[in-house]
file query-v8.cif (mmCIF, C-alpha atoms and all ligand atoms)
data_model
loop_
_atom_site.label_atom_id
_atom_site.label_comp_id
_atom_site.auth_asym_id
_atom_site.auth_seq_id
_atom_site.Cartn_x
_atom_site.Cartn_y
_atom_site.Cartn_z
CA LEU A 1 0.00 0.00 0.00
CA LYS A 2 1.43 3.36 -1.04
CA LYS A 3 1.72 6.11 1.53
CA LYS A 4 -0.37 9.13 0.65
CA ARG A 5 2.02 12.00 0.31
CA LEU A 6 5.70 12.84 0.74
CA VAL A 7 7.09 16.32 1.38
CA LEU A 8 10.56 16.11 -0.14
CA VAL A 9 13.03 18.96 0.41
CA ILE A 10 16.38 19.25 -1.36
CA MET A 11 18.31 22.26 -0.06
CA ILE A 12 21.40 22.94 -2.18
CA ASP A 13 23.70 25.45 -0.47
CA ALA A 14 24.41 28.45 -2.76
CA LEU A 15 21.86 27.42 -5.41
CA GLY A 16 21.64 30.90 -6.94
CA HIS A 17 18.77 32.10 -9.11
CA ARG A 18 21.21 33.42 -11.73
CA ILE A 19 23.25 30.25 -12.18
CA VAL A 20 20.14 28.06 -12.42
CA LYS A 21 18.60 30.33 -15.08
CA GLU A 22 21.89 30.65 -17.02
CA SER A 23 22.44 26.90 -16.98
CA GLY A 24 18.93 26.07 -18.16
CA ARG A 25 18.82 23.31 -15.54
CA PHE A 26 15.79 22.30 -13.46
CA GLU A 27 13.34 23.37 -16.16
CA PHE A 28 11.12 20.38 -15.29
CA LEU A 29 10.28 22.26 -12.07
CA GLN A 30 8.40 25.55 -11.65
CA ALA A 31 9.98 28.70 -10.23
CA PRO A 32 7.17 31.27 -10.54
CA ASP A 33 8.46 33.53 -7.75
CA GLY A 34 11.67 34.59 -9.51
CA PRO A 35 14.80 35.59 -7.56
CA LEU A 36 14.45 35.31 -3.77
CA PRO A 37 16.69 37.60 -1.70
CA SER A 38 18.63 36.11 1.18
CA VAL A 39 19.55 37.88 4.43
CA CYS A 40 22.75 39.73 5.38
CA GLY A 41 25.34 37.15 6.40
CA TYR A 42 26.70 33.72 5.55
CA SER A 43 24.90 30.37 5.78
CA SER A 44 25.19 30.70 9.57
CA ALA A 45 22.52 33.44 9.26
CA CYS A 46 20.76 32.40 6.03
CA ILE A 47 19.78 28.85 7.01
CA PRO A 48 18.35 29.85 10.43
CA SER A 49 16.36 32.65 8.71
CA LEU A 50 15.14 30.25 6.04
CA LEU A 51 14.04 27.67 8.62
CA THR A 52 12.44 30.04 11.17
CA GLY A 53 11.11 32.65 8.73
CA LYS A 54 12.71 35.35 10.88
CA LEU A 55 15.53 37.90 10.59
CA PRO A 56 18.88 37.24 12.32
CA ILE A 57 17.98 39.67 15.14
CA ASP A 58 14.93 37.52 15.94
CA HIS A 59 16.61 34.09 15.98
CA GLY A 60 19.98 35.37 17.24
CA HIS A 61 22.22 33.74 14.62
CA TRP A 62 24.22 36.08 12.40
CA ALA A 63 27.94 35.32 12.00
CA MET A 64 29.41 31.96 12.98
CA TYR A 65 31.43 33.80 15.66
CA GLN A 66 30.32 36.33 18.23
CA LYS A 67 32.30 37.80 21.12
CA ASN A 68 32.70 35.72 24.27
CA LEU A 69 29.75 36.63 26.49
CA GLY A 70 31.24 34.69 29.40
CA ASP A 71 30.58 31.06 28.61
CA SER A 72 32.47 30.64 25.34
CA VAL A 73 33.00 27.07 24.14
CA PHE A 74 36.70 28.01 24.07
CA ARG A 75 36.83 29.32 27.65
CA ASN A 76 38.58 26.28 29.14
CA TYR A 77 41.19 25.98 26.42
CA LYS A 78 43.11 29.20 26.99
CA PRO A 79 46.00 27.47 28.86
CA ILE A 80 46.20 24.75 26.19
CA VAL A 81 46.30 27.34 23.42
CA GLN A 82 49.01 29.32 25.20
CA LEU A 83 51.06 26.21 25.81
CA ILE A 84 50.81 24.72 22.34
CA SER A 85 51.06 27.94 20.35
CA GLY A 86 54.09 28.96 22.38
CA PHE A 87 55.84 25.61 22.44
CA PHE A 88 55.37 24.45 18.87
CA GLY A 89 54.74 27.84 17.34
CA ARG A 90 52.38 26.07 15.01
CA ASP A 91 48.82 27.36 14.79
CA GLY A 92 47.70 24.55 12.48
CA PHE A 93 48.63 21.89 15.02
CA CYS A 94 46.96 23.84 17.81
CA GLN A 95 43.83 24.21 15.72
CA ARG A 96 43.55 20.48 15.04
CA ILE A 97 43.72 19.73 18.75
CA LEU A 98 41.19 22.47 19.56
CA TYR A 99 38.82 21.25 16.85
CA ARG A 100 38.82 17.75 18.36
CA LEU A 101 38.25 19.10 21.88
CA ILE A 102 35.30 21.24 20.74
CA TRP A 103 33.88 18.34 18.73
CA ARG A 104 34.14 16.10 21.80
CA GLN A 105 32.22 18.71 23.83
CA GLY A 106 29.24 17.48 21.84
CA LEU A 107 28.53 20.70 19.99
CA GLY A 108 25.58 20.00 17.72
CA GLY A 109 26.00 22.89 15.29
CA TYR A 110 28.22 23.31 12.26
CA PHE A 111 31.50 25.05 12.96
CA SER A 112 34.98 25.56 11.55
CA LEU A 113 38.01 27.19 13.17
CA TYR A 114 39.17 28.42 9.75
CA LEU A 115 42.47 30.29 10.20
CA ILE A 116 41.42 32.29 13.25
CA PRO A 117 44.59 32.85 15.30
CA PRO A 118 44.25 30.28 18.13
CA THR A 119 45.24 32.84 20.76
CA LEU A 120 42.22 34.95 19.73
CA LEU A 121 39.71 32.09 19.85
CA PRO A 122 38.93 32.42 23.60
CA LYS A 123 37.86 36.03 22.88
CA PHE A 124 35.09 34.64 20.69
CA ASP A 125 32.34 32.07 20.89
CA LEU A 126 30.48 29.83 18.46
CA VAL A 127 26.85 30.81 17.99
CA GLN A 128 25.43 27.59 16.58
CA ARG A 129 25.68 25.20 19.50
CA LYS A 130 22.67 23.04 18.68
CA ASP A 131 21.81 21.01 15.59
CA ILE A 132 19.66 23.51 13.65
CA TYR A 133 18.00 20.61 11.78
CA ALA A 134 16.61 19.17 15.02
CA PRO A 135 13.60 20.28 17.10
CA GLY A 136 14.20 22.94 19.75
CA ALA A 137 17.08 24.65 17.93
CA PHE A 138 15.57 28.15 18.23
CA PRO A 139 13.72 28.62 21.54
CA GLY A 140 10.33 30.25 20.96
CA LEU A 141 10.52 29.87 17.17
CA GLU A 142 9.25 27.01 15.07
CA THR A 143 11.13 25.37 12.20
CA PRO A 144 9.77 22.55 10.02
CA PHE A 145 11.66 20.16 12.36
CA ASP A 146 9.63 21.41 15.34
CA ALA A 147 6.48 21.15 13.21
CA VAL A 148 6.98 17.46 12.35
CA THR A 149 7.31 16.71 16.05
CA ARG A 150 4.21 18.76 16.91
CA LEU A 151 2.23 17.10 14.13
CA GLY A 152 3.42 13.59 14.93
CA LEU A 153 4.81 13.05 11.44
CA SER A 154 7.65 10.74 10.56
CA HIS A 155 10.77 12.31 9.06
CA GLN A 156 14.47 12.01 8.35
CA VAL A 157 17.18 14.61 7.80
CA PHE A 158 20.40 14.16 5.80
CA HIS A 159 22.96 16.94 6.24
CA TRP A 160 26.61 18.00 6.56
CA ARG A 161 27.50 15.55 9.34
CA THR A 162 27.61 12.66 6.89
CA PRO A 163 29.29 12.58 3.45
CA GLU A 164 27.38 13.62 0.32
CA GLN A 165 27.39 10.21 -1.37
CA ALA A 166 26.26 8.39 1.78
CA ASN A 167 23.47 10.97 2.20
CA ARG A 168 22.31 10.50 -1.38
CA GLU A 169 22.15 6.75 -0.93
CA ALA A 170 20.38 7.07 2.41
CA LEU A 171 17.81 9.44 0.88
CA ALA A 172 17.14 7.00 -1.97
CA ASP A 173 16.74 4.17 0.56
CA ALA A 174 14.34 6.23 2.68
CA ILE A 175 12.25 7.11 -0.38
CA LYS A 176 12.11 3.46 -1.46
CA ALA A 177 11.10 2.40 2.04
CA GLY A 178 8.19 4.86 1.79
CA ARG A 179 7.75 5.11 5.55
CA ASP A 180 8.37 8.83 6.13
CA ASP A 181 6.11 11.85 5.60
CA PHE A 182 8.95 14.36 5.34
CA LEU A 183 12.48 13.93 4.00
CA PHE A 184 14.97 16.81 4.20
CA PHE A 185 18.23 16.61 2.26
CA TYR A 186 20.93 19.29 2.58
CA SER A 187 24.05 19.47 0.43
CA PRO A 188 27.02 21.86 0.80
CA HIS A 189 28.63 20.44 -2.36
CA LEU A 190 27.73 23.10 -4.97
CA ASP A 191 28.82 25.87 -2.57
CA GLY A 192 32.26 24.27 -2.32
CA VAL A 193 32.55 23.79 -6.08
CA MET A 194 31.76 27.46 -6.78
CA HIS A 195 34.18 28.70 -4.11
CA SER A 196 36.92 26.64 -5.78
CA TYR A 197 36.13 27.19 -9.46
CA SER A 198 33.78 30.26 -9.81
CA THR A 199 30.12 30.35 -10.81
CA LYS A 200 30.89 30.31 -14.54
CA SER A 201 33.20 27.28 -14.49
CA ARG A 202 32.81 23.93 -16.22
CA GLU A 203 32.83 22.32 -12.74
CA THR A 204 29.84 24.41 -11.63
CA ALA A 205 27.93 23.55 -14.81
CA ASP A 206 28.71 19.86 -14.22
CA SER A 207 27.61 20.08 -10.59
CA LEU A 208 24.30 21.71 -11.56
CA ALA A 209 23.71 19.00 -14.16
CA ASP A 210 24.49 16.39 -11.52
CA PHE A 211 22.06 17.93 -8.99
CA GLU A 212 19.38 18.16 -11.66
CA GLY A 213 19.83 14.47 -12.46
CA PHE A 214 19.81 13.54 -8.78
CA THR A 215 16.66 15.59 -8.12
CA ARG A 216 14.83 14.08 -11.09
CA GLU A 217 15.87 10.60 -9.98
CA MET A 218 14.61 11.15 -6.41
CA LEU A 219 11.31 12.55 -7.71
CA GLU A 220 10.78 9.53 -9.97
CA LEU A 221 11.71 7.15 -7.20
CA ALA A 222 9.28 8.87 -4.82
CA GLY A 223 6.51 8.49 -7.40
CA GLU A 224 6.86 4.73 -7.02
CA SER A 225 6.43 4.69 -3.22
CA TYR A 226 4.00 7.58 -2.67
CA GLU A 227 0.70 8.59 -4.25
CA GLU A 228 1.79 12.22 -4.30
CA VAL A 229 5.14 14.00 -3.92
CA ARG A 230 5.54 17.67 -3.04
CA LEU A 231 9.11 18.52 -3.98
CA LEU A 232 10.80 21.77 -2.93
CA VAL A 233 14.33 22.57 -4.14
CA PHE A 234 16.10 25.78 -3.09
CA GLY A 235 19.30 27.37 -1.82
CA ASP A 236 20.00 29.59 1.17
CA HIS A 237 21.84 32.24 -0.89
CA GLY A 238 23.54 32.69 -4.27
CA MET A 239 27.16 33.50 -5.11
CA SER A 240 29.18 36.32 -6.75
CA ASP A 241 32.40 35.79 -8.70
CA THR A 242 35.47 37.42 -7.18
CA HIS A 243 36.92 40.33 -9.18
CA THR A 244 38.93 42.29 -6.61
CA GLU A 245 40.96 41.59 -3.47
CA THR A 246 41.59 44.19 -0.78
CA ASN A 247 43.68 43.95 2.38
CA PRO A 248 42.09 45.70 5.37
CA LEU A 249 44.27 43.63 7.74
CA ALA A 250 47.46 45.29 6.48
CA ARG A 251 45.97 48.73 7.20
CA LEU A 252 44.89 47.66 10.67
CA GLU A 253 48.27 46.20 11.52
CA ALA A 254 49.92 49.48 10.48
CA LEU A 255 47.91 51.41 13.11
CA ASP A 256 49.36 52.26 16.52
CA LEU A 257 46.65 50.13 18.10
CA LYS A 258 47.30 46.92 19.97
CA LEU A 259 45.00 44.01 19.31
CA ASP A 260 43.12 42.87 22.43
CA ARG A 261 44.22 45.99 24.35
CA ASP A 262 42.78 48.80 22.22
CA TYR A 263 40.40 46.81 20.09
CA LEU A 264 39.43 43.41 18.73
CA TYR A 265 38.47 42.43 15.21
CA PHE A 266 37.07 39.46 13.35
CA ILE A 267 37.95 39.53 9.65
CA ASP A 268 35.66 37.33 7.55
CA SER A 269 36.15 37.15 3.78
CA THR A 270 33.57 39.89 3.07
CA MET A 271 32.86 41.36 6.48
CA ALA A 272 35.12 42.85 9.17
CA ARG A 273 33.66 43.42 12.63
CA PHE A 274 35.22 45.49 15.42
CA TRP A 275 35.01 45.94 19.18
CA PHE A 276 36.74 48.94 20.79
CA TYR A 277 38.33 49.14 24.25
CA THR A 278 40.17 52.48 24.30
CA SER A 279 39.11 55.94 23.21
CA GLY A 280 40.12 56.98 19.73
CA ALA A 281 40.45 53.39 18.49
CA ARG A 282 37.22 53.51 16.53
CA GLU A 283 38.17 56.76 14.79
CA LYS A 284 41.57 55.34 13.81
CA VAL A 285 40.00 52.22 12.29
CA GLU A 286 37.46 54.30 10.39
CA ALA A 287 40.17 56.60 9.06
CA ALA A 288 42.32 53.64 7.99
CA LEU A 289 39.64 51.72 6.10
CA THR A 290 37.52 54.51 4.59
CA PRO A 291 40.05 55.20 1.77
CA LEU A 292 40.63 51.47 1.08
CA GLY A 293 37.83 51.16 -1.49
CA GLY A 294 35.83 48.06 -2.37
CA GLY A 295 33.83 48.21 0.86
CA ARG A 296 32.11 50.51 3.32
CA PHE A 297 31.10 50.88 6.94
CA VAL A 298 27.46 49.96 7.43
CA SER A 299 25.55 52.40 9.65
CA ASP A 300 23.58 51.22 12.69
CA ASP A 301 20.38 52.31 10.96
CA GLU A 302 21.17 50.18 7.94
CA LEU A 303 22.06 47.22 10.16
CA LYS A 304 18.70 47.68 11.89
CA GLY A 305 16.95 47.64 8.52
CA LEU A 306 18.74 44.40 7.65
CA GLY A 307 17.73 42.84 10.96
CA VAL A 308 21.32 42.40 12.15
CA PHE A 309 21.72 45.20 14.70
CA TYR A 310 22.38 43.70 18.15
CA PRO A 311 22.20 46.33 20.92
CA ASP A 312 24.73 44.41 23.08
CA PHE A 313 27.20 44.45 20.14
CA ARG A 314 27.86 40.72 20.48
CA TYR A 315 28.67 40.63 16.75
CA GLY A 316 30.66 43.86 16.79
CA GLU A 317 30.27 47.58 17.40
CA LEU A 318 31.23 48.44 13.85
CA CYS A 319 30.85 46.50 10.60
CA TYR A 320 32.84 47.00 7.39
CA LEU A 321 31.21 45.18 4.46
CA ALA A 322 32.83 44.35 1.09
CA ASP A 323 31.15 45.35 -2.17
CA PRO A 324 29.90 42.39 -4.25
CA GLY A 325 32.83 40.60 -5.91
CA VAL A 326 35.42 42.06 -3.49
CA GLN A 327 37.20 39.91 -0.93
CA PHE A 328 39.41 40.62 2.04
CA VAL A 329 42.74 38.82 1.65
CA PRO A 330 44.19 37.64 3.93
CA SER A 331 41.33 37.09 6.36
CA PHE A 332 40.52 34.67 9.17
CA MET A 333 39.03 32.52 6.40
CA GLY A 334 42.20 32.07 4.37
CA HIS A 335 45.40 33.37 2.82
CA SER A 336 43.96 33.44 -0.69
CA ALA A 337 40.57 34.37 -2.13
CA PRO A 338 38.04 31.75 -3.25
CA LYS A 339 36.99 32.19 -6.91
CA ALA A 340 33.48 33.15 -5.80
CA MET A 341 31.91 34.27 -2.54
CA HIS A 342 28.67 35.22 -0.80
CA GLY A 343 27.98 37.23 2.33
CA TYR A 344 27.48 40.59 0.62
CA HIS A 345 24.64 43.06 1.03
CA PRO A 346 21.36 41.19 0.34
CA SER A 347 20.59 43.70 -2.44
CA ASP A 348 23.30 41.96 -4.53
CA VAL A 349 21.19 40.05 -7.10
CA ASP A 350 23.87 37.36 -7.42
CA GLY A 351 23.12 36.54 -3.78
CA ASP A 352 19.51 35.64 -4.59
CA THR A 353 18.34 32.04 -4.57
CA LEU A 354 15.11 30.55 -5.96
CA LEU A 355 12.41 28.06 -5.03
CA LEU A 356 11.81 25.23 -7.49
CA CYS A 357 8.68 23.10 -6.98
CA ASN A 358 6.76 20.37 -8.77
CA TYR A 359 3.39 21.80 -7.63
CA GLU A 360 1.67 25.16 -7.27
CA HIS A 361 2.13 26.98 -3.98
CA ARG A 362 1.38 30.40 -2.54
CA PRO A 363 3.79 33.14 -3.67
CA VAL A 364 7.04 33.58 -1.72
CA SER A 365 9.27 36.67 -1.74
CA SER A 366 12.41 35.83 0.26
CA ILE A 367 14.20 32.87 1.84
CA MET A 368 12.25 33.67 5.03
CA ASP A 369 9.05 32.40 3.38
CA ILE A 370 10.50 28.95 2.67
CA GLY A 371 10.53 27.41 6.17
CA PRO A 372 6.94 28.54 6.91
CA LEU A 373 5.86 27.18 3.51
CA ILE A 374 7.35 23.76 4.35
CA THR A 375 5.55 23.87 7.71
CA GLU A 376 2.25 24.63 5.93
CA GLU A 377 2.81 21.62 3.69
CA LEU A 378 3.44 19.44 6.73
CA GLU A 379 0.29 20.78 8.44
CA ALA A 380 -1.77 20.07 5.32
CA LEU A 381 -0.33 16.56 5.14
CA ALA A 382 -1.05 15.89 8.83
CA GLY A 383 -4.58 17.29 8.48
CA GLU A 384 -5.41 15.04 5.56
CA GLY A 385 -4.02 12.02 7.37
CA ARG A 386 -6.53 12.56 10.20
CA GLU A 387 -9.59 12.90 7.97
ZN ZN B 1 29.90 29.20 0.95
#
call {"tool": "encode", "arguments": {"input": "query-v8.cif", "output": "structure tokens"}}
result
Amino acid sequence: LKKKRLVLVIMIDALGHRIVKESGRFEFLQAPDGPLPSVCGYSSACIPSLLTGKLPIDHGHWAMYQKNLGDSVFRNYKPIVQLISGFFGRDGFCQRILYRLIWRQGLGGYFSLYLIPPTLLPKFDLVQRKDIYAPGAFPGLETPFDAVTRLGLSHQVFHWRTPEQANREALADAIKAGRDDFLFFYSPHLDGVMHSYSTKSRETADSLADFEGFTREMLELAGESYEEVRLLVFGDHGMSDTHTETNPLARLEALDLKLDRDYLYFIDSTMARFWFYTSGAREKVEAALTPLGGGRFVSDDELKGLGVFYPDFRYGELCYLADPGVQFVPSFMGHSAPKAMHGYHPSDVDGDTLLLCNYEHRPVSSIMDIGPLITEELEALAGEGRE
């Protein structure tokens, strides 16, 4: 006996509206809403906004790192960092040890230590401590994973914790088994390909073709086990090709300011955030970076409009944002620039994603409509099951 209906979600990180339209892929699905803007920030902000339907200020997740508010996941490792960094003088070695210690703490969220100087890590904290694909990830806010629990539906999630190929096989197996009401598949693969090769590369075209084939295959497979399949395919943001590199770090290091005494910074690949401890530090930073070009300081009012102004300045007192296509090199993310990047102002059209479906749904206008739409589908499915 076939199960009535499956809600099947395939979330492809960085599936941009532009690249899908340029490639001509996924034309067997409908995308009537056009480009969907993301929110200001990286996937650490975009995915929580997509799932909760709220702005970063409402769910609390913006950058992967915020300042240490007193209970940082790194708080106990300061002596280890000082010992290892000093003794071996090797940050890479120190980072590998730290990564394992944090992992063993049982942190449920996605994190990377990137190339953040290990001695600075205890100044910061990881924001995503829980598995955001599990119920209860955002207290007071509902994601589709809270909804399935509330509705008593059966579901499975396949995400970054297990390798892509294993996830694809597990999804196919789950579809064939036909036991679940809701299957959620997340892939970071396309995002990685575009960072390495650019959005216009052969590799990106191949990856899109591969995801199209995979999606079609899963849809066909689901048609064999379920009477009806509601398929939703989307990204959390798009991607812009890199055309310029700038070096704010060099300008900061040339200032007569001492890191951790006068100020603190976190340099992401497109966003630099600052905290100030002594008077005059802010003015010096502003004077140093204003003539740099390729970026600008974002005013508090604009941050408020973007839903990323935190009155306790946990993410920084001042934010310097790169223009689309510009990257800060070096940064805490790396010594060289990826071929393409995201994390620009959400008005950058290359940052838009899209929603591809095999059925007609109510109109959506940003990534923040996607999670609530999935929840509505789950509610409809649960309602029909009870009839
Ligand atoms: Zn990315």
call {"tool": "residues_around", "arguments": {"input": "query-v8.cif", "residues": "region 135-141 of chain A", "least_positions_apart": "6", "cutoff": "8 Å", "atoms": "all atoms listed in the file", "output": "count of residues only"}}
result
3
call {"tool": "closest_residue", "arguments": {"input": "query-v8.cif", "among": "A:Leu50, A:Cys40, A:Leu231, A:Ala177", "to": "Glu377 (chain A)", "atoms": "only C-alpha atoms"}}
result
A:Leu231
call {"tool": "residues_around", "arguments": {"input": "query-v8.cif", "residues": "Ala170 (chain A)", "least_positions_apart": "4", "cutoff": "12 Å", "atoms": "only C-alpha atoms", "output": "PDB file with C-alpha atoms, in the coordinates of the input"}}
result
ATOM      1  CA  GLN A 156      14.470  12.010   8.350  1.00  0.00           C
ATOM      2  CA  VAL A 157      17.180  14.610   7.800  1.00  0.00           C
ATOM      3  CA  PHE A 158      20.400  14.160   5.800  1.00  0.00           C
ATOM      4  CA  HIS A 159      22.960  16.940   6.240  1.00  0.00           C
ATOM      5  CA  THR A 162      27.610  12.660   6.890  1.00  0.00           C
ATOM      6  CA  PRO A 163      29.290  12.580   3.450  1.00  0.00           C
ATOM      7  CA  GLU A 164      27.380  13.620   0.320  1.00  0.00           C
ATOM      8  CA  GLN A 165      27.390  10.210  -1.370  1.00  0.00           C
ATOM      9  CA  ALA A 166      26.260   8.390   1.780  1.00  0.00           C
ATOM     10  CA  ALA A 174      14.340   6.230   2.680  1.00  0.00           C
ATOM     11  CA  ILE A 175      12.250   7.110  -0.380  1.00  0.00           C
ATOM     12  CA  LYS A 176      12.110   3.460  -1.460  1.00  0.00           C
ATOM     13  CA  ALA A 177      11.100   2.400   2.040  1.00  0.00           C
ATOM     14  CA  LEU A 183      12.480  13.930   4.000  1.00  0.00           C
ATOM     15  CA  PHE A 184      14.970  16.810   4.200  1.00  0.00           C
ATOM     16  CA  PHE A 185      18.230  16.610   2.260  1.00  0.00           C
ATOM     17  CA  MET A 218      14.610  11.150  -6.410  1.00  0.00           C
TER      18      MET A 218
END
call {"tool": "closest_atom_pairs", "arguments": {"input": "query-v8.cif", "of": "chain A", "to": "ligand ZN 1 (chain B)", "cutoff": "12 Å", "atoms": "only C-alpha atoms and all ligand atoms", "output": "JSON lines"}}
result
{"residue": "A:Ile12", "atom": "CA", "partner": "B:ZN1", "partner_atom": "ZN", "distance": 11.0}
{"residue": "A:Asp13", "atom": "CA", "partner": "B:ZN1", "partner_atom": "ZN", "distance": 7.4}
{"residue": "A:Ala14", "atom": "CA", "partner": "B:ZN1", "partner_atom": "ZN", "distance": 6.7}
{"residue": "A:Leu15", "atom": "CA", "partner": "B:ZN1", "partner_atom": "ZN", "distance": 10.4}
{"residue": "A:Gly16", "atom": "CA", "partner": "B:ZN1", "partner_atom": "ZN", "distance": 11.5}
{"residue": "A:Gly41", "atom": "CA", "partner": "B:ZN1", "partner_atom": "ZN", "distance": 10.7}
{"residue": "A:Tyr42", "atom": "CA", "partner": "B:ZN1", "partner_atom": "ZN", "distance": 7.2}
{"residue": "A:Ser43", "atom": "CA", "partner": "B:ZN1", "partner_atom": "ZN", "distance": 7.0}
{"residue": "A:Ser44", "atom": "CA", "partner": "B:ZN1", "partner_atom": "ZN", "distance": 9.9}
{"residue": "A:Ala45", "atom": "CA", "partner": "B:ZN1", "partner_atom": "ZN", "distance": 11.9}
{"residue": "A:Cys46", "atom": "CA", "partner": "B:ZN1", "partner_atom": "ZN", "distance": 10.9}
{"residue": "A:Ile47", "atom": "CA", "partner": "B:ZN1", "partner_atom": "ZN", "distance": 11.8}
{"residue": "A:Ser187", "atom": "CA", "partner": "B:ZN1", "partner_atom": "ZN", "distance": 11.4}
{"residue": "A:Pro188", "atom": "CA", "partner": "B:ZN1", "partner_atom": "ZN", "distance": 7.9}
{"residue": "A:His189", "atom": "CA", "partner": "B:ZN1", "partner_atom": "ZN", "distance": 9.5}
{"residue": "A:Leu190", "atom": "CA", "partner": "B:ZN1", "partner_atom": "ZN", "distance": 8.8}
{"residue": "A:Asp191", "atom": "CA", "partner": "B:ZN1", "partner_atom": "ZN", "distance": 5.0}
{"residue": "A:Gly192", "atom": "CA", "partner": "B:ZN1", "partner_atom": "ZN", "distance": 6.4}
{"residue": "A:Val193", "atom": "CA", "partner": "B:ZN1", "partner_atom": "ZN", "distance": 9.3}
{"residue": "A:Met194", "atom": "CA", "partner": "B:ZN1", "partner_atom": "ZN", "distance": 8.1}
{"residue": "A:His195", "atom": "CA", "partner": "B:ZN1", "partner_atom": "ZN", "distance": 6.6}
{"residue": "A:Ser196", "atom": "CA", "partner": "B:ZN1", "partner_atom": "ZN", "distance": 10.1}
{"residue": "A:Ser198", "atom": "CA", "partner": "B:ZN1", "partner_atom": "ZN", "distance": 11.5}
{"residue": "A:Thr199", "atom": "CA", "partner": "B:ZN1", "partner_atom": "ZN", "distance": 11.8}
{"residue": "A:Gly235", "atom": "CA", "partner": "B:ZN1", "partner_atom": "ZN", "distance": 11.1}
{"residue": "A:Asp236", "atom": "CA", "partner": "B:ZN1", "partner_atom": "ZN", "distance": 9.9}
{"residue": "A:His237", "atom": "CA", "partner": "B:ZN1", "partner_atom": "ZN", "distance": 8.8}
{"residue": "A:Gly238", "atom": "CA", "partner": "B:ZN1", "partner_atom": "ZN", "distance": 8.9}
{"residue": "A:Met239", "atom": "CA", "partner": "B:ZN1", "partner_atom": "ZN", "distance": 7.9}
{"residue": "A:Ser240", "atom": "CA", "partner": "B:ZN1", "partner_atom": "ZN", "distance": 10.5}
{"residue": "A:Asp241", "atom": "CA", "partner": "B:ZN1", "partner_atom": "ZN", "distance": 11.9}
{"residue": "A:Asp268", "atom": "CA", "partner": "B:ZN1", "partner_atom": "ZN", "distance": 12.0}
{"residue": "A:Ser269", "atom": "CA", "partner": "B:ZN1", "partner_atom": "ZN", "distance": 10.5}
{"residue": "A:Thr270", "atom": "CA", "partner": "B:ZN1", "partner_atom": "ZN", "distance": 11.5}
{"residue": "A:Met333", "atom": "CA", "partner": "B:ZN1", "partner_atom": "ZN", "distance": 11.1}
{"residue": "A:Pro338", "atom": "CA", "partner": "B:ZN1", "partner_atom": "ZN", "distance": 9.5}
{"residue": "A:Lys339", "atom": "CA", "partner": "B:ZN1", "partner_atom": "ZN", "distance": 11.0}
{"residue": "A:Ala340", "atom": "CA", "partner": "B:ZN1", "partner_atom": "ZN", "distance": 8.6}
{"residue": "A:Met341", "atom": "CA", "partner": "B:ZN1", "partner_atom": "ZN", "distance": 6.5}
{"residue": "A:His342", "atom": "CA", "partner": "B:ZN1", "partner_atom": "ZN", "distance": 6.4}
{"residue": "A:Gly343", "atom": "CA", "partner": "B:ZN1", "partner_atom": "ZN", "distance": 8.4}
{"residue": "A:Tyr344", "atom": "CA", "partner": "B:ZN1", "partner_atom": "ZN", "distance": 11.6}
{"residue": "A:Gly351", "atom": "CA", "partner": "B:ZN1", "partner_atom": "ZN", "distance": 11.1}
call {"tool": "residues_near_point", "arguments": {"input": "query-v8.cif", "point": "(34.6, 35.7, 18.7)", "cutoff": "6 Å", "atoms": "all atoms listed in the file", "output": "list of chain:residue names"}}
result
A:Tyr65, A:Gln66, A:Lys67, A:Asn68, A:Lys123, A:Phe124, A:Asp125
call {"tool": "atom_distance", "arguments": {"input": "query-v8.cif", "atom1": "CA of Pro363 (chain A)", "atom2": "CA of Pro32 (chain A)"}}
result
7.9 Å
call {"tool": "atom_distance", "arguments": {"input": "query-v8.cif", "atom1": "CA of Phe211 (chain A)", "atom2": "CA of Phe28 (chain A)"}}
result
12.9 Å
call {"tool": "closest_residue", "arguments": {"input": "query-v8.cif", "among": "A:Phe332, A:Lys54, A:Tyr77, A:Leu232", "to": "Tyr114 (chain A)", "atoms": "only C-alpha atoms"}}
result
A:Phe332
call {"tool": "atom_distance", "arguments": {"input": "query-v8.cif", "atom1": "CA of His155 (chain A)", "atom2": "CA of Arg230 (chain A)"}}
result
14.2 Å
call {"tool": "residues_around", "arguments": {"input": "query-v8.cif", "residues": "Arg5 (chain A)", "least_positions_apart": "5", "cutoff": "12 Å", "atoms": "all atoms listed in the file", "output": "list in words"}}
result
Leu153, Ser154, Ile175, Gly178, Arg179, Asp180, Asp181, Phe182, Leu183, Ala222, Gly223, Glu224, Ser225, Tyr226, Glu227, Glu228, Val229, Arg230, Leu231, Glu377, Leu378, Ala380, Leu381, Ala382, Gly383, Glu384 and Gly385 of chain A
call {"tool": "closest_residue", "arguments": {"input": "query-v8.cif", "among": "A:Pro117, A:Gly213, A:Gly295, A:Gly70", "to": "Gly92 (chain A)", "atoms": "only C-alpha atoms"}}
result
A:Pro117
call {"tool": "residues_around", "arguments": {"input": "query-v8.cif", "residues": "Trp275 (chain A)", "least_positions_apart": "4", "cutoff": "12 Å", "atoms": "all atoms listed in the file", "output": "number ranges by chain"}}
result
A: 66-68, 123-124, 259-267, 279, 281-282, 285, 312-319
call {"tool": "closest_residue", "arguments": {"input": "query-v8.cif", "among": "A:Ala322, A:Leu356, A:Lys258, A:Ile116", "to": "His335 (chain A)", "atoms": "all atoms listed in the file"}}
result
A:Ile116
call {"tool": "closest_residue", "arguments": {"input": "query-v8.cif", "among": "A:His61, A:Lys2, A:Lys284, A:Arg18", "to": "Phe309 (chain A)", "atoms": "all atoms listed in the file"}}
result
A:His61
call {"tool": "closest_residue", "arguments": {"input": "query-v8.cif", "among": "A:Leu151, A:Leu355, A:Val308, A:Val233", "to": "Val9 (chain A)", "atoms": "all atoms listed in the file"}}
result
A:Val233
